[in-house]
$ cat structure17.pdb   # PDB, N, CA and C atoms
ATOM      1  N   MET F   1     -12.050 -18.585  19.438
ATOM      2  CA  MET F   1     -12.529 -17.317  18.919
ATOM      3  C   MET F   1     -13.950 -17.542  18.427
ATOM      4  N   SER F   2     -14.813 -16.642  18.785
ATOM      5  CA  SER F   2     -16.197 -16.788  18.360
ATOM      6  C   SER F   2     -16.290 -16.616  16.847
ATOM      7  N   GLU F   3     -17.275 -17.230  16.278
ATOM      8  CA  GLU F   3     -17.494 -17.130  14.837
ATOM      9  C   GLU F   3     -17.751 -15.675  14.444
ATOM     10  N   GLN F   4     -18.484 -14.951  15.290
ATOM     11  CA  GLN F   4     -18.794 -13.555  15.005
ATOM     12  C   GLN F   4     -17.522 -12.708  14.975
ATOM     13  N   LEU F   5     -16.625 -12.891  15.947
ATOM     14  CA  LEU F   5     -15.375 -12.141  15.988
ATOM     15  C   LEU F   5     -14.516 -12.480  14.783
ATOM     16  N   LEU F   6     -14.432 -13.760  14.447
ATOM     17  CA  LEU F   6     -13.648 -14.174  13.288
ATOM     18  C   LEU F   6     -14.177 -13.506  12.030
ATOM     19  N   LYS F   7     -15.484 -13.487  11.848
ATOM     20  CA  LYS F   7     -16.089 -12.863  10.665
ATOM     21  C   LYS F   7     -15.798 -11.360  10.632
ATOM     22  N   GLN F   8     -15.850 -10.704  11.794
ATOM     23  CA  GLN F   8     -15.549  -9.276  11.842
ATOM     24  C   GLN F   8     -14.104  -9.009  11.422
ATOM     25  N   ILE F   9     -13.188  -9.789  11.961
ATOM     26  CA  ILE F   9     -11.773  -9.609  11.635
ATOM     27  C   ILE F   9     -11.528  -9.923  10.164
ATOM     28  N   GLN F  10     -12.116 -10.997   9.671
ATOM     29  CA  GLN F  10     -11.980 -11.335   8.254
ATOM     30  C   GLN F  10     -12.532 -10.209   7.377
ATOM     31  N   GLY F  11     -13.625  -9.605   7.808
ATOM     32  CA  GLY F  11     -14.209  -8.497   7.060
ATOM     33  C   GLY F  11     -13.272  -7.299   7.004
ATOM     34  N   VAL F  12     -12.637  -6.977   8.135
ATOM     35  CA  VAL F  12     -11.690  -5.861   8.179
ATOM     36  C   VAL F  12     -10.517  -6.141   7.243
ATOM     37  N   VAL F  13      -9.979  -7.361   7.292
ATOM     38  CA  VAL F  13      -8.834  -7.719   6.451
ATOM     39  C   VAL F  13      -9.234  -7.703   4.975
ATOM     40  N   SER F  14     -10.369  -8.294   4.655
ATOM     41  CA  SER F  14     -10.818  -8.330   3.256
ATOM     42  C   SER F  14     -11.066  -6.928   2.710
ATOM     43  N   GLU F  15     -11.687  -6.093   3.516
ATOM     44  CA  GLU F  15     -11.949  -4.714   3.105
ATOM     45  C   GLU F  15     -10.642  -3.969   2.848
ATOM     46  N   ALA F  16      -9.671  -4.156   3.724
ATOM     47  CA  ALA F  16      -8.374  -3.500   3.547
ATOM     48  C   ALA F  16      -7.673  -4.007   2.294
ATOM     49  N   MET F  17      -7.767  -5.299   2.037
ATOM     50  CA  MET F  17      -7.137  -5.850   0.833
ATOM     51  C   MET F  17      -7.778  -5.271  -0.423
ATOM     52  N   GLU F  18      -9.093  -5.150  -0.408
ATOM     53  CA  GLU F  18      -9.788  -4.562  -1.556
ATOM     54  C   GLU F  18      -9.403  -3.102  -1.734
ATOM     55  N   GLU F  19      -9.328  -2.377  -0.652
ATOM     56  CA  GLU F  19      -8.934  -0.970  -0.734
ATOM     57  C   GLU F  19      -7.506  -0.851  -1.250
ATOM     58  N   ARG F  20      -6.641  -1.735  -0.763
ATOM     59  CA  ARG F  20      -5.246  -1.739  -1.204
ATOM     60  C   ARG F  20      -5.162  -2.037  -2.702
ATOM     61  N   ARG F  21      -5.941  -3.010  -3.155
ATOM     62  CA  ARG F  21      -5.962  -3.334  -4.591
ATOM     63  C   ARG F  21      -6.504  -2.165  -5.405
ATOM     64  N   GLY F  22      -7.457  -1.454  -4.850
ATOM     65  CA  GLY F  22      -8.062  -0.326  -5.539
ATOM     66  C   GLY F  22      -7.128   0.851  -5.734
ATOM     67  N   LEU F  23      -6.034   0.866  -5.039
ATOM     68  CA  LEU F  23      -5.091   1.975  -5.166
ATOM     69  C   LEU F  23      -4.452   2.048  -6.547
ATOM     70  N   VAL F  24      -4.478   0.959  -7.300
ATOM     71  CA  VAL F  24      -3.884   0.987  -8.637
ATOM     72  C   VAL F  24      -4.634   1.954  -9.553
ATOM     73  N   VAL F  25      -5.833   2.359  -9.145
ATOM     74  CA  VAL F  25      -6.582   3.360  -9.900
ATOM     75  C   VAL F  25      -5.776   4.653  -9.978
ATOM     76  N   TYR F  26      -4.990   4.894  -8.951
ATOM     77  CA  TYR F  26      -4.171   6.101  -8.892
ATOM     78  C   TYR F  26      -2.842   5.868  -9.606
ATOM     79  N   SER F  27      -2.910   5.420 -10.832
ATOM     80  CA  SER F  27      -1.705   5.018 -11.553
ATOM     81  C   SER F  27      -0.754   6.180 -11.820
ATOM     82  N   ARG F  28      -1.212   7.396 -11.652
ATOM     83  CA  ARG F  28      -0.323   8.538 -11.867
ATOM     84  C   ARG F  28       0.612   8.760 -10.682
ATOM     85  N   LEU F  29       0.322   8.113  -9.585
ATOM     86  CA  LEU F  29       1.188   8.241  -8.420
ATOM     87  C   LEU F  29       2.440   7.395  -8.602
ATOM     88  N   GLU F  30       3.496   7.828  -7.978
ATOM     89  CA  GLU F  30       4.733   7.069  -7.990
ATOM     90  C   GLU F  30       4.538   5.775  -7.188
ATOM     91  N   PRO F  31       5.255   4.713  -7.542
ATOM     92  CA  PRO F  31       5.135   3.456  -6.792
ATOM     93  C   PRO F  31       5.381   3.623  -5.299
ATOM     94  N   VAL F  32       6.294   4.489  -4.934
ATOM     95  CA  VAL F  32       6.590   4.712  -3.516
ATOM     96  C   VAL F  32       5.361   5.272  -2.808
ATOM     97  N   GLU F  33       4.683   6.197  -3.464
ATOM     98  CA  GLU F  33       3.484   6.795  -2.873
ATOM     99  C   GLU F  33       2.350   5.769  -2.789
ATOM    100  N   LEU F  34       2.219   4.919  -3.806
ATOM    101  CA  LEU F  34       1.215   3.851  -3.757
ATOM    102  C   LEU F  34       1.485   2.920  -2.585
ATOM    103  N   ASP F  35       2.747   2.570  -2.386
ATOM    104  CA  ASP F  35       3.113   1.717  -1.249
ATOM    105  C   ASP F  35       2.767   2.397   0.067
ATOM    106  N   ARG F  36       3.051   3.690   0.156
ATOM    107  CA  ARG F  36       2.763   4.424   1.382
ATOM    108  C   ARG F  36       1.260   4.427   1.671
ATOM    109  N   LEU F  37       0.446   4.612   0.635
ATOM    110  CA  LEU F  37      -1.009   4.570   0.809
ATOM    111  C   LEU F  37      -1.470   3.175   1.232
ATOM    112  N   ALA F  38      -0.871   2.147   0.638
ATOM    113  CA  ALA F  38      -1.222   0.775   1.001
ATOM    114  C   ALA F  38      -0.873   0.495   2.461
ATOM    115  N   ARG F  39       0.270   0.975   2.917
ATOM    116  CA  ARG F  39       0.646   0.754   4.317
ATOM    117  C   ARG F  39      -0.312   1.488   5.254
ATOM    118  N   ARG F  40      -0.798   2.650   4.845
ATOM    119  CA  ARG F  40      -1.766   3.371   5.679
ATOM    120  C   ARG F  40      -3.055   2.558   5.805
ATOM    121  N   VAL F  41      -3.490   1.965   4.706
ATOM    122  CA  VAL F  41      -4.679   1.106   4.733
ATOM    123  C   VAL F  41      -4.441  -0.062   5.682
ATOM    124  N   GLU F  42      -3.274  -0.670   5.587
ATOM    125  CA  GLU F  42      -2.946  -1.807   6.448
ATOM    126  C   GLU F  42      -2.867  -1.400   7.914
ATOM    127  N   ARG F  43      -2.232  -0.273   8.202
ATOM    128  CA  ARG F  43      -2.144   0.208   9.589
ATOM    129  C   ARG F  43      -3.540   0.437  10.171
ATOM    130  N   ASP F  44      -4.406   1.074   9.389
ATOM    131  CA  ASP F  44      -5.769   1.326   9.853
ATOM    132  C   ASP F  44      -6.500   0.017  10.147
ATOM    133  N   ALA F  45      -6.324  -0.961   9.263
ATOM    134  CA  ALA F  45      -6.969  -2.260   9.465
ATOM    135  C   ALA F  45      -6.438  -2.942  10.722
ATOM    136  N   LEU F  46      -5.136  -2.873  10.939
ATOM    137  CA  LEU F  46      -4.553  -3.495  12.130
ATOM    138  C   LEU F  46      -5.061  -2.830  13.404
ATOM    139  N   GLU F  47      -5.237  -1.519  13.369
ATOM    140  CA  GLU F  47      -5.787  -0.828  14.537
ATOM    141  C   GLU F  47      -7.245  -1.233  14.781
ATOM    142  N   LYS F  48      -8.014  -1.393  13.715
ATOM    143  CA  LYS F  48      -9.399  -1.850  13.866
ATOM    144  C   LYS F  48      -9.435  -3.249  14.484
ATOM    145  N   ILE F  49      -8.550  -4.107  14.006
ATOM    146  CA  ILE F  49      -8.488  -5.476  14.529
ATOM    147  C   ILE F  49      -8.113  -5.447  16.000
ATOM    148  N   ARG F  50      -7.130  -4.632  16.360
ATOM    149  CA  ARG F  50      -6.726  -4.512  17.763
ATOM    150  C   ARG F  50      -7.934  -4.119  18.618
ATOM    151  N   GLY F  51      -8.750  -3.205  18.118
ATOM    152  CA  GLY F  51      -9.937  -2.762  18.841
ATOM    153  C   GLY F  51     -11.012  -3.833  18.969
ATOM    154  N   LEU F  52     -11.033  -4.765  18.036
ATOM    155  CA  LEU F  52     -12.029  -5.844  18.082
ATOM    156  C   LEU F  52     -11.660  -6.952  19.069
ATOM    157  N   LEU F  53     -10.380  -7.101  19.340
ATOM    158  CA  LEU F  53      -9.932  -8.206  20.195
ATOM    159  C   LEU F  53     -10.312  -7.949  21.648
ATOM    160  N   PRO F  54     -10.891  -8.972  22.300
ATOM    161  CA  PRO F  54     -11.262  -8.806  23.707
ATOM    162  C   PRO F  54     -10.024  -8.676  24.592
ATOM    163  N   GLU F  55     -10.165  -7.893  25.659
ATOM    164  CA  GLU F  55      -9.059  -7.683  26.602
ATOM    165  C   GLU F  55      -8.709  -8.973  27.334
ATOM    166  N   GLU F  56      -9.709  -9.642  27.827
ATOM    167  CA  GLU F  56      -9.519 -10.868  28.611
ATOM    168  C   GLU F  56      -9.951 -12.068  27.781
ATOM    169  N   THR F  57      -9.048 -13.016  27.596
ATOM    170  CA  THR F  57      -9.394 -14.229  26.863
ATOM    171  C   THR F  57      -8.355 -15.302  27.128
ATOM    172  N   THR F  58      -8.786 -16.523  26.938
ATOM    173  CA  THR F  58      -7.857 -17.648  26.956
ATOM    174  C   THR F  58      -7.814 -18.309  25.580
ATOM    175  N   ASP F  59      -8.565 -17.741  24.642
ATOM    176  CA  ASP F  59      -8.629 -18.271  23.285
ATOM    177  C   ASP F  59      -7.263 -18.120  22.607
ATOM    178  N   GLN F  60      -6.685 -19.223  22.176
ATOM    179  CA  GLN F  60      -5.342 -19.219  21.609
ATOM    180  C   GLN F  60      -5.250 -18.419  20.309
ATOM    181  N   ARG F  61      -6.300 -18.444  19.504
ATOM    182  CA  ARG F  61      -6.273 -17.685  18.244
ATOM    183  C   ARG F  61      -6.259 -16.185  18.527
ATOM    184  N   VAL F  62      -7.072 -15.761  19.475
ATOM    185  CA  VAL F  62      -7.093 -14.344  19.851
ATOM    186  C   VAL F  62      -5.743 -13.947  20.435
ATOM    187  N   LEU F  63      -5.206 -14.793  21.302
ATOM    188  CA  LEU F  63      -3.897 -14.509  21.888
ATOM    189  C   LEU F  63      -2.813 -14.438  20.809
ATOM    190  N   GLY F  64      -2.907 -15.315  19.820
ATOM    191  CA  GLY F  64      -1.947 -15.287  18.716
ATOM    192  C   GLY F  64      -2.025 -13.992  17.929
ATOM    193  N   LEU F  65      -3.244 -13.530  17.657
ATOM    194  CA  LEU F  65      -3.416 -12.259  16.955
ATOM    195  C   LEU F  65      -2.870 -11.102  17.792
ATOM    196  N   ARG F  66      -3.213 -11.101  19.058
ATOM    197  CA  ARG F  66      -2.749 -10.037  19.945
ATOM    198  C   ARG F  66      -1.218 -10.045  20.031
ATOM    199  N   ASN F  67      -0.631 -11.237  20.133
ATOM    200  CA  ASN F  67       0.832 -11.338  20.204
ATOM    201  C   ASN F  67       1.498 -10.832  18.924
ATOM    202  N   ARG F  68       0.902 -11.141  17.783
ATOM    203  CA  ARG F  68       1.493 -10.681  16.515
ATOM    204  C   ARG F  68       1.432  -9.162  16.417
ATOM    205  N   LEU F  69       0.322  -8.583  16.832
ATOM    206  CA  LEU F  69       0.204  -7.122  16.826
ATOM    207  C   LEU F  69       1.199  -6.493  17.796
ATOM    208  N   GLN F  70       1.374  -7.108  18.954
ATOM    209  CA  GLN F  70       2.331  -6.594  19.939
ATOM    210  C   GLN F  70       3.752  -6.683  19.411
ATOM    211  N   ARG F  71       4.075  -7.785  18.734
ATOM    212  CA  ARG F  71       5.414  -7.943  18.168
ATOM    213  C   ARG F  71       5.684  -6.866  17.116
ATOM    214  N   MET F  72       4.655  -6.527  16.321
ATOM    215  CA  MET F  72       4.805  -5.462  15.335
ATOM    216  C   MET F  72       5.150  -4.142  16.035
ATOM    217  N   LEU F  73       4.409  -3.830  17.099
ATOM    218  CA  LEU F  73       4.669  -2.589  17.834
ATOM    219  C   LEU F  73       6.079  -2.558  18.411
ATOM    220  N   GLU F  74       6.533  -3.690  18.928
ATOM    221  CA  GLU F  74       7.885  -3.770  19.483
ATOM    222  C   GLU F  74       8.938  -3.570  18.397
ATOM    223  N   GLU F  75       8.718  -4.171  17.228
ATOM    224  CA  GLU F  75       9.661  -4.004  16.118
ATOM    225  C   GLU F  75       9.708  -2.545  15.668
ATOM    226  N   LEU F  76       8.546  -1.892  15.612
ATOM    227  CA  LEU F  76       8.500  -0.482  15.231
ATOM    228  C   LEU F  76       9.201   0.391  16.259
ATOM    229  N   GLU F  77       9.026   0.043  17.531
ATOM    230  CA  GLU F  77       9.690   0.799  18.598
ATOM    231  C   GLU F  77      11.200   0.634  18.517
ATOM    232  N   GLU F  78      11.655  -0.593  18.310
ATOM    233  CA  GLU F  78      13.096  -0.843  18.180
ATOM    234  C   GLU F  78      13.667  -0.071  17.001
ATOM    235  N   LEU F  79      12.948  -0.062  15.902
ATOM    236  CA  LEU F  79      13.402   0.678  14.724
ATOM    237  C   LEU F  79      13.497   2.170  15.038
ATOM    238  N   GLY F  80      12.527   2.683  15.767
ATOM    239  CA  GLY F  80      12.538   4.091  16.139
ATOM    240  C   GLY F  80      13.700   4.472  17.027
ATOM    241  N   GLU F  81      14.192   3.524  17.796
ATOM    242  CA  GLU F  81      15.297   3.788  18.717
ATOM    243  C   GLU F  81      16.666   3.697  18.055
ATOM    244  N   GLN F  82      16.728   3.107  16.870
ATOM    245  CA  GLN F  82      18.008   2.992  16.177
ATOM    246  C   GLN F  82      18.413   4.360  15.645
ATOM    247  N   GLY F  83      19.620   4.748  15.924
ATOM    248  CA  GLY F  83      20.050   6.099  15.623
ATOM    249  C   GLY F  83      20.624   6.340  14.246
ATOM    250  N   GLN F  84      21.463   5.475  13.778
ATOM    251  CA  GLN F  84      22.229   5.745  12.562
ATOM    252  C   GLN F  84      21.567   5.211  11.301
ATOM    253  N   ILE F  85      20.281   5.478  11.142
ATOM    254  CA  ILE F  85      19.569   5.007   9.953
ATOM    255  C   ILE F  85      19.051   6.228   9.195
ATOM    256  N   HIS F  86      19.308   6.251   7.912
ATOM    257  CA  HIS F  86      18.795   7.320   7.059
ATOM    258  C   HIS F  86      17.265   7.283   7.112
ATOM    259  N   GLU F  87      16.627   8.427   7.109
ATOM    260  CA  GLU F  87      15.169   8.498   7.275
ATOM    261  C   GLU F  87      14.420   7.701   6.210
ATOM    262  N   ARG F  88      14.887   7.730   4.996
ATOM    263  CA  ARG F  88      14.236   6.967   3.910
ATOM    264  C   ARG F  88      14.321   5.462   4.193
ATOM    265  N   SER F  89      15.464   5.015   4.667
ATOM    266  CA  SER F  89      15.629   3.601   5.006
ATOM    267  C   SER F  89      14.739   3.220   6.187
ATOM    268  N   ARG F  90      14.633   4.121   7.147
ATOM    269  CA  ARG F  90      13.782   3.875   8.310
ATOM    270  C   ARG F  90      12.317   3.722   7.871
ATOM    271  N   GLN F  91      11.877   4.583   6.964
ATOM    272  CA  GLN F  91      10.500   4.512   6.482
ATOM    273  C   GLN F  91      10.243   3.211   5.723
ATOM    274  N   MET F  92      11.213   2.813   4.908
ATOM    275  CA  MET F  92      11.061   1.558   4.164
ATOM    276  C   MET F  92      10.971   0.372   5.119
ATOM    277  N   GLN F  93      11.805   0.345   6.148
ATOM    278  CA  GLN F  93      11.769  -0.739   7.128
ATOM    279  C   GLN F  93      10.464  -0.712   7.918
ATOM    280  N   ASN F  94      10.010   0.486   8.272
ATOM    281  CA  ASN F  94       8.739   0.644   8.970
ATOM    282  C   ASN F  94       7.607   0.055   8.127
ATOM    283  N   ASP F  95       7.601   0.400   6.839
ATOM    284  CA  ASP F  95       6.573  -0.128   5.933
ATOM    285  C   ASP F  95       6.634  -1.646   5.834
ATOM    286  N   GLU F  96       7.836  -2.184   5.802
ATOM    287  CA  GLU F  96       8.011  -3.647   5.718
ATOM    288  C   GLU F  96       7.449  -4.331   6.958
ATOM    289  N   ILE F  97       7.683  -3.755   8.122
ATOM    290  CA  ILE F  97       7.178  -4.326   9.372
ATOM    291  C   ILE F  97       5.655  -4.342   9.361
ATOM    292  N   VAL F  98       5.043  -3.250   8.962
ATOM    293  CA  VAL F  98       3.577  -3.166   8.918
ATOM    294  C   VAL F  98       3.018  -4.137   7.886
ATOM    295  N   TRP F  99       3.607  -4.152   6.696
ATOM    296  CA  TRP F  99       3.139  -5.045   5.636
ATOM    297  C   TRP F  99       3.193  -6.504   6.096
ATOM    298  N   GLN F 100       4.309  -6.900   6.699
ATOM    299  CA  GLN F 100       4.463  -8.285   7.130
ATOM    300  C   GLN F 100       3.452  -8.637   8.215
ATOM    301  N   ALA F 101       3.215  -7.732   9.149
ATOM    302  CA  ALA F 101       2.226  -7.985  10.196
ATOM    303  C   ALA F 101       0.837  -8.146   9.587
ATOM    304  N   PHE F 102       0.488  -7.287   8.647
ATOM    305  CA  PHE F 102      -0.817  -7.377   7.997
ATOM    306  C   PHE F 102      -0.962  -8.720   7.280
ATOM    307  N   GLU F 103       0.054  -9.101   6.525
ATOM    308  CA  GLU F 103      -0.001 -10.377   5.803
ATOM    309  C   GLU F 103      -0.091 -11.554   6.770
ATOM    310  N   ASP F 104       0.631 -11.499   7.872
ATOM    311  CA  ASP F 104       0.565 -12.565   8.877
ATOM    312  C   ASP F 104      -0.833 -12.666   9.480
ATOM    313  N   ILE F 105      -1.421 -11.522   9.815
ATOM    314  CA  ILE F 105      -2.773 -11.519  10.384
ATOM    315  C   ILE F 105      -3.766 -12.071   9.377
ATOM    316  N   ALA F 106      -3.645 -11.656   8.118
ATOM    317  CA  ALA F 106      -4.545 -12.173   7.070
ATOM    318  C   ALA F 106      -4.447 -13.696   7.010
ATOM    319  N   TRP F 107      -3.239 -14.208   7.033
ATOM    320  CA  TRP F 107      -3.047 -15.661   6.995
ATOM    321  C   TRP F 107      -3.652 -16.327   8.228
ATOM    322  N   MET F 108      -3.457 -15.711   9.381
ATOM    323  CA  MET F 108      -3.934 -16.299  10.646
ATOM    324  C   MET F 108      -5.461 -16.414  10.682
ATOM    325  N   VAL F 109      -6.155 -15.499  10.000
ATOM    326  CA  VAL F 109      -7.620 -15.547  10.006
ATOM    327  C   VAL F 109      -8.170 -16.157   8.707
ATOM    328  N   GLY F 110      -7.287 -16.661   7.864
ATOM    329  CA  GLY F 110      -7.720 -17.395   6.679
ATOM    330  C   GLY F 110      -8.182 -16.556   5.505
ATOM    331  N   VAL F 111      -7.653 -15.349   5.397
ATOM    332  CA  VAL F 111      -7.994 -14.491   4.254
ATOM    333  C   VAL F 111      -6.791 -14.451   3.340
ATOM    334  N   GLN F 112      -7.025 -14.782   2.092
ATOM    335  CA  GLN F 112      -5.914 -14.806   1.125
ATOM    336  C   GLN F 112      -6.027 -13.658   0.207
TER     337      GLN F 112
END

$ encode --input "structure17.pdb" --output "structure tokens"
Amino acid sequence: MSEQLLKQIQGVVSEAMEERRGLVVYSRLEPVELDRLARRVERDALEKIRGLLPEETTDQRVLGLRNRLQRMLEELEELGEQGQIHERSRQMQNDEIVWQAFEDIAWMVGVQ
């Protein structure tokens, strides 16, 4: 992975983490709503990262990032296909999948 691409991805992740931390300013919101806002920040960051990744590459780090994003999409699709899940439970699981993918990507690019 080029140094420039790594820096761009790290910047997206760091910016999202700062925005996520900044949500505590909205302390009047319920914790569930704060979590929902944080997941939206994470989803947006993951989409930006997906857009930064080159289509064609043999770089293992890029392939690892792309694979992790693809696995997240597959997990979300599988969750969407499950029928007997209460909508609130489905949303919580959806949020967990996104959160875990974001945290994994942050770790993969060295942002804590």

$ select_by_dssp --input "structure17.pdb" --residues "stretch 36-88 of chain F" --states "helix (DSSP H, G or I)" --output "ChimeraX atom specification"
/F:36-52,60-81,87-88

$ residues_around --input "structure17.pdb" --residues "stretch 33-35 of chain F" --least-positions-apart "6" --cutoff "8 Å" --atoms "all atoms listed in the file" --output "ChimeraX atom specification"
/F:23-24,26,41,95

$ residues_around --input "structure17.pdb" --residues "F:Leu76" --least-positions-apart "4" --cutoff "12 Å" --atoms "only C-alpha atoms" --output "short mmCIF file (atom, residue, chain, number, x, y, z; two decimals) with N, CA and C atoms, in the frame of the given file"
data_model
loop_
_atom_site.label_atom_id
_atom_site.label_comp_id
_atom_site.auth_asym_id
_atom_site.auth_seq_id
_atom_site.Cartn_x
_atom_site.Cartn_y
_atom_site.Cartn_z
N LEU F 69 0.32 -8.58 16.83
CA LEU F 69 0.20 -7.12 16.83
C LEU F 69 1.20 -6.49 17.80
N GLN F 70 1.37 -7.11 18.95
CA GLN F 70 2.33 -6.59 19.94
C GLN F 70 3.75 -6.68 19.41
N ARG F 71 4.08 -7.78 18.73
CA ARG F 71 5.41 -7.94 18.17
C ARG F 71 5.68 -6.87 17.12
N MET F 72 4.66 -6.53 16.32
CA MET F 72 4.80 -5.46 15.34
C MET F 72 5.15 -4.14 16.04
N GLY F 80 12.53 2.68 15.77
CA GLY F 80 12.54 4.09 16.14
C GLY F 80 13.70 4.47 17.03
N GLU F 81 14.19 3.52 17.80
CA GLU F 81 15.30 3.79 18.72
C GLU F 81 16.67 3.70 18.06
N GLN F 82 16.73 3.11 16.87
CA GLN F 82 18.01 2.99 16.18
C GLN F 82 18.41 4.36 15.64
N ARG F 90 14.63 4.12 7.15
CA ARG F 90 13.78 3.88 8.31
C ARG F 90 12.32 3.72 7.87
N GLN F 91 11.88 4.58 6.96
CA GLN F 91 10.50 4.51 6.48
C GLN F 91 10.24 3.21 5.72
N MET F 92 11.21 2.81 4.91
CA MET F 92 11.06 1.56 4.16
C MET F 92 10.97 0.37 5.12
N GLN F 93 11.80 0.34 6.15
CA GLN F 93 11.77 -0.74 7.13
C GLN F 93 10.46 -0.71 7.92
N ASN F 94 10.01 0.49 8.27
CA ASN F 94 8.74 0.64 8.97
C ASN F 94 7.61 0.06 8.13
N ASP F 95 7.60 0.40 6.84
CA ASP F 95 6.57 -0.13 5.93
C ASP F 95 6.63 -1.65 5.83
N GLU F 96 7.84 -2.18 5.80
CA GLU F 96 8.01 -3.65 5.72
C GLU F 96 7.45 -4.33 6.96
N ILE F 97 7.68 -3.76 8.12
CA ILE F 97 7.18 -4.33 9.37
C ILE F 97 5.66 -4.34 9.36
N VAL F 98 5.04 -3.25 8.96
CA VAL F 98 3.58 -3.17 8.92
C VAL F 98 3.02 -4.14 7.89
N TRP F 99 3.61 -4.15 6.70
CA TRP F 99 3.14 -5.04 5.64
C TRP F 99 3.19 -6.50 6.10
N GLN F 100 4.31 -6.90 6.70
CA GLN F 100 4.46 -8.28 7.13
C GLN F 100 3.45 -8.64 8.22
N ALA F 101 3.22 -7.73 9.15
CA ALA F 101 2.23 -7.98 10.20
C ALA F 101 0.84 -8.15 9.59
#

$ resolve_selection --input "structure17.pdb" --expression "the PyMOL selection byres (((chain F and resi 66 and name CA) around 12) and name CA)" --output "ChimeraX atom specification"
/F:46-47,49-65,67-73,101,104-105,108

$ atom_distance --input "structure17.pdb" --atom1 "atom CA of F:Val111" --atom2 "atom CA of F:Gln10"
6.5 Å

$ closest_residue --input "structure17.pdb" --among "F:Gln112, F:Gln84, F:Glu77, F:Lys48" --to "F:Ile9" --atoms "only C-alpha atoms"
F:Lys48

$ atom_distance --input "structure17.pdb" --atom1 "atom CA of F:Leu5" --atom2 "atom CA of F:Arg36"
28.6 Å

$ atom_distance --input "structure17.pdb" --atom1 "atom N of F:Asp44" --atom2 "atom N of F:Gly83"
25.2 Å

$ closest_residue --input "structure17.pdb" --among "F:Glu18, F:Glu30, F:Glu87, F:Glu3" --to "F:Ala45" --atoms "only C-alpha atoms"
F:Glu18

$ decode --input "structure17.pdb" --residues "stretch 13-26 of chain F" --atoms "N, CA and C atoms" --output "PDB file, in the first residue's frame"
ATOM      1  N   VAL F  13     -10.197   7.411   9.052  1.00  0.00           N
ATOM      2  CA  VAL F  13     -10.495   6.707  10.301  1.00  0.00           C
ATOM      3  C   VAL F  13     -10.348   7.654  11.493  1.00  0.00           C
ATOM      4  N   SER F  14      -9.271   8.415  11.524  1.00  0.00           N
ATOM      5  CA  SER F  14      -9.051   9.344  12.641  1.00  0.00           C
ATOM      6  C   SER F  14     -10.146  10.403  12.714  1.00  0.00           C
ATOM      7  N   GLU F  15     -10.526  10.925  11.567  1.00  0.00           N
ATOM      8  CA  GLU F  15     -11.590  11.927  11.519  1.00  0.00           C
ATOM      9  C   GLU F  15     -12.904  11.345  12.034  1.00  0.00           C
ATOM     10  N   ALA F  16     -13.213  10.126  11.627  1.00  0.00           N
ATOM     11  CA  ALA F  16     -14.442   9.478  12.087  1.00  0.00           C
ATOM     12  C   ALA F  16     -14.398   9.230  13.588  1.00  0.00           C
ATOM     13  N   MET F  17     -13.246   8.830  14.096  1.00  0.00           N
ATOM     14  CA  MET F  17     -13.128   8.597  15.538  1.00  0.00           C
ATOM     15  C   MET F  17     -13.335   9.894  16.312  1.00  0.00           C
ATOM     16  N   GLU F  18     -12.770  10.975  15.807  1.00  0.00           N
ATOM     17  CA  GLU F  18     -12.955  12.272  16.463  1.00  0.00           C
ATOM     18  C   GLU F  18     -14.412  12.703  16.412  1.00  0.00           C
ATOM     19  N   GLU F  19     -15.042  12.513  15.285  1.00  0.00           N
ATOM     20  CA  GLU F  19     -16.456  12.872  15.163  1.00  0.00           C
ATOM     21  C   GLU F  19     -17.300  12.022  16.104  1.00  0.00           C
ATOM     22  N   ARG F  20     -16.966  10.738  16.178  1.00  0.00           N
ATOM     23  CA  ARG F  20     -17.685   9.828  17.069  1.00  0.00           C
ATOM     24  C   ARG F  20     -17.515  10.262  18.525  1.00  0.00           C
ATOM     25  N   ARG F  21     -16.293  10.628  18.893  1.00  0.00           N
ATOM     26  CA  ARG F  21     -16.046  11.107  20.263  1.00  0.00           C
ATOM     27  C   ARG F  21     -16.799  12.404  20.531  1.00  0.00           C
ATOM     28  N   GLY F  22     -16.909  13.238  19.524  1.00  0.00           N
ATOM     29  CA  GLY F  22     -17.591  14.514  19.667  1.00  0.00           C
ATOM     30  C   GLY F  22     -19.084  14.393  19.891  1.00  0.00           C
ATOM     31  N   LEU F  23     -19.635  13.246  19.643  1.00  0.00           N
ATOM     32  CA  LEU F  23     -21.072  13.058  19.825  1.00  0.00           C
ATOM     33  C   LEU F  23     -21.501  13.175  21.283  1.00  0.00           C
ATOM     34  N   VAL F  24     -20.572  13.023  22.215  1.00  0.00           N
ATOM     35  CA  VAL F  24     -20.936  13.136  23.627  1.00  0.00           C
ATOM     36  C   VAL F  24     -21.413  14.549  23.963  1.00  0.00           C
ATOM     37  N   VAL F  25     -21.139  15.501  23.075  1.00  0.00           N
ATOM     38  CA  VAL F  25     -21.641  16.861  23.257  1.00  0.00           C
ATOM     39  C   VAL F  25     -23.166  16.843  23.303  1.00  0.00           C
ATOM     40  N   TYR F  26     -23.743  15.899  22.592  1.00  0.00           N
ATOM     41  CA  TYR F  26     -25.197  15.775  22.539  1.00  0.00           C
ATOM     42  C   TYR F  26     -25.693  14.927  23.708  1.00  0.00           C
TER      43      TYR F  26
END
